[in-house]
Amino acid sequence: MIYLDYNATTPVDPQVAAAMLPILTEPFGNPSSAHAQGQAARAAIDGARRQVADCLEAPVGGVIFTSGGTEANNHALIGAARKMKDRGRHLVTTAVEHPAVSEVCRFLETEGFHTTYVPVDGTGRVDPADVDAACTDETVLISVMLANNEVGTLQPVAEIARQARMRNILTHSDCAQAVGKIPVSLATLGVDMLSVAGHKLYGPKGIGVLCLRDGLTLPNLMFGAGHEAGRRPGTENILEIVGLARACELVAADVVEDGPRLAALRDGLQRDLLAAFPQARVHGHPDLRLPNTLSIGFPDLEVARIMALMPEVAVSAGAACHGSGSPVISHVLAAMGVPEAYAHGTLRLSLGRPTTDADVAAGLAEIIRAVSAAMG
């Protein structure tokens, strides 16, 4: 298998697995217990919290471990909206957010909130002026992803957060697709909240983080005992918390060096595919884009056909085939105004830390072969 789908998920790094392995047996105590086994478990969680905070340049006390990026987004948006509902019930987000944000907004609309979905330009990037113009005296929360999961476009989150602070509006950024690929800092972005998913940065699945700026508190989503400083009940998932922390430690050290390498591989792949198929179209911002991501559309083809012709290459489609059997254009490509002829034939290729020159060369050859065959 030639794996070119790292934006979907990443393998657990061997160093992460090595950090997790001892936790399967020691310490096995409940971290809420006062005895030595329990306190050893508590120490492991406390150490992991510091590692995550260091990676994200966030306050240690603002790190809340969750079951993943989706829970972190839910806690951020629902918690912030309910906290601020007496001041206003207006939310602002973009037309290209992941469903883990957009569907939460739609849920909040059933509780009396209303949402403005700000459009993006043809590169998938939102204009901070448009976000600011969408805000009113009733706006209590803005949520804008840092990096788009489909086309890789980076959003001007820091500028949006700066504008929001002047209006006393809370801000959140879904950083699931960005952490591990570019440097991500709560302090530098200036947002009030950011979300992370462990499986996107070579950590285990089923673990994530919600980071809060210093002094911010949110209402709970769940209720029970006083775990996570009373913010998320349930005995902590020590095994995966330790794994996520080690993953954060590794990406903090590697991201600056690995980014240019992946960008060079991606740019070569893009160049060679466009040389083979001049009629193809690259989606996303040409410069302000994740270094590992290439979204490319081949006109008048169906992506399912292309993928079926190269079963040993793992990629993602830019259009999903739903239960009806009819192809549905990605909401991201639709928001960008990508013509249907290109959207239906779009592949998302995403590289990762283990990707080699040989992987890219082999993947390129298979994609050229499959697209040529699909063209008939």
# chains A, B, ... in the order shown; residues from 1 in each chain; ligands from 1

call {"tool": "residues_around", "arguments": {"residues": "region 208-220 of chain A", "least_positions_apart": "5", "cutoff": "7 Å", "atoms": "only C-alpha atoms", "output": "CSV table (one decimal) with N, CA and C atoms, in the first residue's frame"}}
result
chain,number,residue,atom,x,y,z
A,58,ALA,N,0.4,27.0,25.6
A,58,ALA,CA,-0.8,27.2,26.2
A,58,ALA,C,-0.6,27.1,27.7
A,59,PRO,N,-1.5,27.7,28.5
A,59,PRO,CA,-1.3,27.5,30.0
A,59,PRO,C,-1.6,26.1,30.4
A,62,GLY,N,-5.0,25.2,31.3
A,62,GLY,CA,-6.0,25.4,30.2
A,62,GLY,C,-6.1,24.1,29.4
A,63,VAL,N,-5.4,23.1,29.6
A,63,VAL,CA,-5.4,21.9,28.8
A,63,VAL,C,-6.4,20.9,29.4
A,64,ILE,N,-7.4,20.6,28.6
A,64,ILE,CA,-8.4,19.6,28.9
A,64,ILE,C,-8.3,18.5,28.0
A,65,PHE,N,-8.1,17.3,28.5
A,65,PHE,CA,-8.1,16.1,27.7
A,65,PHE,C,-9.5,15.6,27.3
A,66,THR,N,-9.7,15.3,26.0
A,66,THR,CA,-11.0,14.9,25.6
A,66,THR,C,-10.9,13.6,24.8
A,67,SER,N,-12.0,13.1,24.2
A,67,SER,CA,-11.9,11.9,23.5
A,67,SER,C,-11.5,12.1,22.0
A,68,GLY,N,-11.3,13.3,21.6
A,68,GLY,CA,-10.8,13.6,20.3
A,68,GLY,C,-11.1,15.1,19.9
A,69,GLY,N,-10.9,15.4,18.6
A,69,GLY,CA,-11.1,16.8,18.2
A,69,GLY,C,-12.6,17.1,18.1
A,72,ALA,N,-13.7,18.1,21.6
A,72,ALA,CA,-13.1,19.3,21.9
A,72,ALA,C,-13.9,20.5,21.3
A,79,GLY,N,-20.1,25.1,25.0
A,79,GLY,CA,-19.8,25.8,26.2
A,79,GLY,C,-19.8,27.3,26.1
A,80,ALA,N,-19.1,27.8,25.1
A,80,ALA,CA,-19.0,29.2,24.9
A,80,ALA,C,-20.3,29.9,24.6
A,83,LYS,N,-22.4,29.9,27.7
A,83,LYS,CA,-21.8,30.8,28.7
A,83,LYS,C,-22.3,32.3,28.4
A,192,ASP,N,-9.1,32.3,22.0
A,192,ASP,CA,-9.5,31.9,23.4
A,192,ASP,C,-9.5,30.4,23.6
A,193,MET,N,-9.7,29.7,22.5
A,193,MET,CA,-9.8,28.2,22.5
A,193,MET,C,-9.3,27.6,21.3
A,194,LEU,N,-8.6,26.5,21.4
A,194,LEU,CA,-8.3,25.7,20.2
A,194,LEU,C,-8.4,24.2,20.5
A,195,SER,N,-8.7,23.5,19.4
A,195,SER,CA,-8.9,22.0,19.5
A,195,SER,C,-7.8,21.2,18.7
A,196,VAL,N,-7.5,20.0,19.3
A,196,VAL,CA,-6.5,19.2,18.7
A,196,VAL,C,-7.0,17.7,18.7
A,197,ALA,N,-6.7,17.0,17.7
A,197,ALA,CA,-7.0,15.6,17.6
A,197,ALA,C,-5.7,14.7,17.5
A,198,GLY,N,-5.6,13.8,18.5
A,198,GLY,CA,-4.3,13.1,18.6
A,198,GLY,C,-4.0,12.2,17.3
A,231,ARG,N,-13.9,19.7,34.9
A,231,ARG,CA,-14.3,20.2,33.6
A,231,ARG,C,-14.8,19.0,32.7
A,232,ARG,N,-14.4,17.8,33.0
A,232,ARG,CA,-14.8,16.7,32.1
A,232,ARG,C,-14.8,15.4,33.0

call {"tool": "select_by_dssp", "arguments": {"residues": "region 161-273 of chain A", "states": "strand (DSSP E)", "output": "ChimeraX atom specification"}}
result
/A:170-174,193-197,208-212

call {"tool": "atom_distance", "arguments": {"atom1": "CA of Leu141 (chain A)", "atom2": "CA of Val92 (chain A)"}}
result
6.4 Å

call {"tool": "atom_distance", "arguments": {"atom1": "CA of Leu265 (chain A)", "atom2": "CA of Ala176 (chain A)"}}
result
22.2 Å

call {"tool": "residues_around", "arguments": {"residues": "Ile78 (chain A)", "least_positions_apart": "3", "cutoff": "8 Å", "atoms": "only C-alpha atoms", "output": "ChimeraX atom specification"}}
result
/A:74-75,81-82,104,108,221

call {"tool": "atom_distance", "arguments": {"atom1": "CA of Thr136 (chain A)", "atom2": "CA of Val101 (chain A)"}}
result
20.5 Å

call {"tool": "residues_around", "arguments": {"residues": "Met375 (chain A)", "least_positions_apart": "3", "cutoff": "10 Å", "atoms": "only C-alpha atoms", "output": "PyMOL selection string"}}
result
chain A and resi 298-302+305-306+370-372

call {"tool": "closest_residue", "arguments": {"among": "A:Gly297, A:Gly61, A:Pro260, A:Gly376", "to": "Asp46 (chain A)", "atoms": "only C-alpha atoms"}}
result
A:Gly61

call {"tool": "closest_residue", "arguments": {"among": "A:Ala264, A:Ala134, A:Leu273, A:Ile2", "to": "Glu312 (chain A)", "atoms": "only C-alpha atoms"}}
result
A:Ile2

call {"tool": "residues_around", "arguments": {"residues": "region 150-166 of chain A", "least_positions_apart": "3", "cutoff": "6 Å", "atoms": "only C-alpha atoms", "output": "list in words"}}
result
Arg125, Pro128, Leu146, Ala147, Ile169, Leu189, Gly190, Val191, Gly284, His285, Leu288, Arg289, Leu290, Thr293 and Ser295 of chain A

call {"tool": "write_last_selection", "arguments": {"atoms": "N, CA and C atoms", "output": "compact mmCIF listing (two decimals), in the first residue's frame"}}
result
# COMPACT_ATOMS: atom_id res chain seq x y z
N ARG A 125 -9.94 30.63 1.15
CA ARG A 125 -9.51 31.49 2.27
C ARG A 125 -10.58 32.55 2.56
N PRO A 128 -10.59 38.37 6.61
CA PRO A 128 -10.90 38.85 7.97
C PRO A 128 -11.90 39.99 7.98
N LEU A 146 -7.86 26.58 11.49
CA LEU A 146 -6.55 27.10 11.10
C LEU A 146 -6.13 26.59 9.73
N ALA A 147 -6.37 25.30 9.46
CA ALA A 147 -6.00 24.71 8.18
C ALA A 147 -7.13 23.83 7.69
N ILE A 169 -15.45 39.48 21.68
CA ILE A 169 -16.09 38.26 21.18
C ILE A 169 -15.14 37.09 21.40
N LEU A 189 -1.60 32.66 18.04
CA LEU A 189 -2.89 32.83 17.36
C LEU A 189 -3.77 33.84 18.07
N GLY A 190 -3.67 33.89 19.39
CA GLY A 190 -4.46 34.85 20.14
C GLY A 190 -5.91 34.46 20.31
N VAL A 191 -6.25 33.19 20.03
CA VAL A 191 -7.63 32.75 20.21
C VAL A 191 -7.88 32.39 21.67
N GLY A 284 -7.07 25.17 -3.72
CA GLY A 284 -6.44 25.68 -2.51
C GLY A 284 -5.53 26.84 -2.81
N HIS A 285 -5.07 27.48 -1.75
CA HIS A 285 -4.19 28.63 -1.92
C HIS A 285 -2.82 28.17 -2.41
N LEU A 288 -0.34 29.89 0.81
CA LEU A 288 -0.81 29.76 2.19
C LEU A 288 -1.58 28.46 2.33
N ARG A 289 -0.81 27.37 2.39
CA ARG A 289 -1.37 26.02 2.33
C ARG A 289 -0.50 25.10 3.18
N LEU A 290 -1.11 24.07 3.75
CA LEU A 290 -0.33 23.08 4.48
C LEU A 290 0.75 22.51 3.57
N THR A 293 -0.19 18.95 1.61
CA THR A 293 -1.52 18.70 1.03
C THR A 293 -1.62 19.14 -0.42
N SER A 295 -4.71 19.02 -3.36
CA SER A 295 -6.05 18.70 -3.85
C SER A 295 -6.07 19.02 -5.34

call {"tool": "closest_residue", "arguments": {"among": "A:Thr356, A:Asn149, A:Val120, A:Asp127", "to": "Ala317 (chain A)", "atoms": "only C-alpha atoms"}}
result
A:Asn149

call {"tool": "select_by_dssp", "arguments": {"residues": "region 33-240 of chain A", "states": "helix (DSSP H, G or I)", "output": "ChimeraX atom specification"}}
result
/A:36-56,60-62,69-84,99-109,128-134,157-167,186-189,198-200,227-230,238-240

call {"tool": "closest_residue", "arguments": {"among": "A:Lys181, A:Arg167, A:Arg369, A:Arg281", "to": "Leu201 (chain A)", "atoms": "only C-alpha atoms"}}
result
A:Lys181

call {"tool": "residues_around", "arguments": {"residues": "Ile23 (chain A)", "least_positions_apart": "6", "cutoff": "10 Å", "atoms": "only C-alpha atoms", "output": "JSON, numbers by chain"}}
result
{"A": [41, 44, 238, 239, 240, 242, 243]}

call {"tool": "closest_residue", "arguments": {"among": "A:His199, A:Gly234, A:Ser330, A:Asp137", "to": "Tyr6 (chain A)", "atoms": "only C-alpha atoms"}}
result
A:His199

call {"tool": "residues_around", "arguments": {"residues": "Asp258 (chain A)", "least_positions_apart": "3", "cutoff": "9 Å", "atoms": "only C-alpha atoms", "output": "ChimeraX atom specification"}}
result
/A:181,254-255,261-263,352-353

call {"tool": "write_last_selection", "arguments": {"atoms": "N, CA and C atoms", "output": "PDB file, in the first residue's frame"}}
result
ATOM      1  N   LYS A 181       1.888  19.688  11.383  1.00  0.00           N
ATOM      2  CA  LYS A 181       2.282  20.055  10.023  1.00  0.00           C
ATOM      3  C   LYS A 181       2.887  21.449   9.968  1.00  0.00           C
ATOM      4  N   ASP A 254      10.001  18.347  15.417  1.00  0.00           N
ATOM      5  CA  ASP A 254      10.215  17.977  14.014  1.00  0.00           C
ATOM      6  C   ASP A 254       9.535  18.873  12.986  1.00  0.00           C
ATOM      7  N   VAL A 255       8.504  19.623  13.396  1.00  0.00           N
ATOM      8  CA  VAL A 255       7.643  20.273  12.409  1.00  0.00           C
ATOM      9  C   VAL A 255       8.384  21.306  11.572  1.00  0.00           C
ATOM     10  N   ARG A 261      10.566  19.719   3.780  1.00  0.00           N
ATOM     11  CA  ARG A 261      10.784  18.474   3.038  1.00  0.00           C
ATOM     12  C   ARG A 261       9.484  17.996   2.399  1.00  0.00           C
ATOM     13  N   LEU A 262       8.401  18.034   3.174  1.00  0.00           N
ATOM     14  CA  LEU A 262       7.112  17.594   2.644  1.00  0.00           C
ATOM     15  C   LEU A 262       6.613  18.543   1.556  1.00  0.00           C
ATOM     16  N   ALA A 263       6.854  19.830   1.744  1.00  0.00           N
ATOM     17  CA  ALA A 263       6.432  20.792   0.725  1.00  0.00           C
ATOM     18  C   ALA A 263       7.154  20.536  -0.594  1.00  0.00           C
ATOM     19  N   GLY A 352       3.087  12.536   4.710  1.00  0.00           N
ATOM     20  CA  GLY A 352       3.343  12.530   6.142  1.00  0.00           C
ATOM     21  C   GLY A 352       4.799  12.290   6.463  1.00  0.00           C
ATOM     22  N   ARG A 353       5.081  12.260   7.745  1.00  0.00           N
ATOM     23  CA  ARG A 353       6.457  12.118   8.211  1.00  0.00           C
ATOM     24  C   ARG A 353       7.141  10.874   7.637  1.00  0.00           C
TER      25      ARG A 353
END
